[in-house]
Amino acid sequence: MNELFDLNESTDAHQCDVSVVLAAFNEEHCIEQELAIVCKALNASPFSYEVIVVDDGSSDATARLVEQYGDDSVMLIRHRHNQGSGAARKTGTLAACGRFVVWSDVDLSYPNERIPDIVQHLINIDADQVVGARDSERGTMKMLRVPAKYFIRKLACFLTGTHIPDLNSGLRVFRREIGLRYVDLLPKGFSCVTTITLAFLCNGHSVEYIPIRYSKRAGKSKFHPLKDTYRYATQVARMITYFEPLKIFLPMSLGLIGLGAVSSAFNLWRTGSMQEMDMMIALGGFLVGVLGLIADLFVQYQRKLERLISSLPKNGTEKSNSPSDAYREF
């Protein structure tokens with residue numbers, strides 16, 4: 001039998017074991033059902049917990065239903081205007097007090113009854129993040145989404161040097177102390193889940209995957225296939241450039257220098273002289289390589305600062321999360 005995590009290890013009276021962050025936007029039709037599923041599962045587990053629902057500027061009764069929900073462990077935070085699921089998850093993560101933070105959706109697509117199992121799996125294997133790898137794609141416009149997501153996932157696998165079964169699953173758990181290092185990188189849209197996966201992988205944190213059932217969502221999808229697929233692609237490129245710039249710049253540099261060399265050799269053989277374009281291509285490749293080295297220098301310097309800061313003694317206490325804080329608005 002797997003050994004359970006020591007629930008008495010925390011010394012902070014306001015700290016709990018698990019913080020569940022739920023981003024909600026116009027989910028009045030299923031928010032109460034999802035809260036019941038989450039609370040029932042965690043009440044039957046050995047973990048102390050809190051559920052943070054971030055209402056992202058809903059125009060329906062979502063916020064009112066959460067306020068009226070009869071469970072003291074459920075807290076509501078409201079955005080005055082819709083900012084995106086990434087902004088909502090960032091707000092919830094910053095407000096969380098749990099040692100482990102769970103992200104999930106509230107549209108009945110993810111098996112939220114398995115949240116305690118996923119948390120326990122992270123503890124048992126001593127991982128930094130566990131992602132629920134979905135068994136299928138059930139979103140709208142599958143003919144467009146499936147190939148785009150497949151390409152982006154394969155690109156991320158190549159650039160990170162790891163196997164990623166599901167890059168942008170909405171159900172995951174991670175260690176809060178690690179997640180807070182990268183929360184400022186989270187974009188406002190759907191690609192926040194891509195960002196947190198890549199942030200952990202590119203910085204050497206262990207990310208594991210556990211198969212989950214994925215159901216058709218309740219209600220209307222907020223995903224915009226063209227716009228959000230473009231955001232996914234640009235976010236992957238941005239994150240890899242931020243964490244592993246040489247993975248982008250070095251192949252480009254070598255490719256341009258090689259192209260310039262081949263072109264120069266061909267022109268020398270054909271005309272007996274090099275062309276100006278040959279030199280420009282090779283020079284461009286050299287400059288791209290220099291830019292990549294400079295970017296990598298900044299990344300390595302940043303990582304050194306992060307290691308130095310993380311090694312410093314932690315003074316002070318975390319802010320209080322008293323019952324009077326159960327409703328907040330941003």
# chains A, B, ... in the order shown; residues from 1 in each chain; ligands from 1
>>> closest_atom_pairs(of="region 22-83 of chain A", to="region 120-125 of chain A", cutoff="10 Å", atoms="only C-alpha atoms", output="Markdown table")
| residue | atom | partner | partner_atom | distance |
| --- | --- | --- | --- | --- |
| A:Ser45 | CA | A:Gln120 | CA | 9.7 |
| A:Pro46 | CA | A:Gln120 | CA | 9.8 |
| A:Phe47 | CA | A:Gln120 | CA | 9.4 |
>>> write_last_selection(atoms="N, CA and C atoms", output="PDB file, in the first residue's frame")
ATOM      1  N   SER A  45     -11.078  12.211   1.237  1.00  0.00           N
ATOM      2  CA  SER A  45      -9.628  12.000   1.177  1.00  0.00           C
ATOM      3  C   SER A  45      -8.980  12.412   2.497  1.00  0.00           C
ATOM      4  N   PRO A  46      -7.703  12.118   2.696  1.00  0.00           N
ATOM      5  CA  PRO A  46      -7.011  12.530   3.920  1.00  0.00           C
ATOM      6  C   PRO A  46      -6.490  13.968   3.865  1.00  0.00           C
ATOM      7  N   PHE A  47      -6.761  14.682   2.794  1.00  0.00           N
ATOM      8  CA  PHE A  47      -6.185  16.009   2.603  1.00  0.00           C
ATOM      9  C   PHE A  47      -7.097  17.112   3.126  1.00  0.00           C
TER      10      PHE A  47
END
>>> select_by_dssp(residues="region 61-239 of chain A", states="strand (DSSP E or B)", output="list in words")
Val74, Met75, Leu76, Ile77, Arg78, His79, Gly98, Arg99, Phe100, Val101, Val102, Trp103, Ser104, Gln129, Val130, Val131, Gly132, Ala133, Arg134, Arg172, Val173, Phe174, Arg175, Val207, Glu208, Tyr209, Ile210, Pro211 and Ile212 of chain A
>>> closest_residue(among="A:Ala133, A:Ile210, A:Leu291, A:Ala282", to="Leu259 (chain A)", atoms="only C-alpha atoms")
A:Ala282
>>> closest_residue(among="A:Val299, A:Ala199, A:Ala61, A:Cys30", to="Ser109 (chain A)", atoms="only C-alpha atoms")
A:Cys30
>>> closest_residue(among="A:Tyr110, A:Phe174, A:Tyr49, A:Phe286", to="Val20 (chain A)", atoms="only C-alpha atoms")
A:Tyr49
>>> closest_residue(among="A:Pro111, A:Pro187, A:Pro251, A:Gly57", to="Gly86 (chain A)", atoms="only C-alpha atoms")
A:Pro187
>>> atom_distance(atom1="CA of Phe100 (chain A)", atom2="CA of Ile212 (chain A)")
19.2 Å
>>> closest_residue(among="A:Trp103, A:Tyr182, A:Phe25, A:Phe298", to="Met239 (chain A)", atoms="only C-alpha atoms")
A:Tyr182
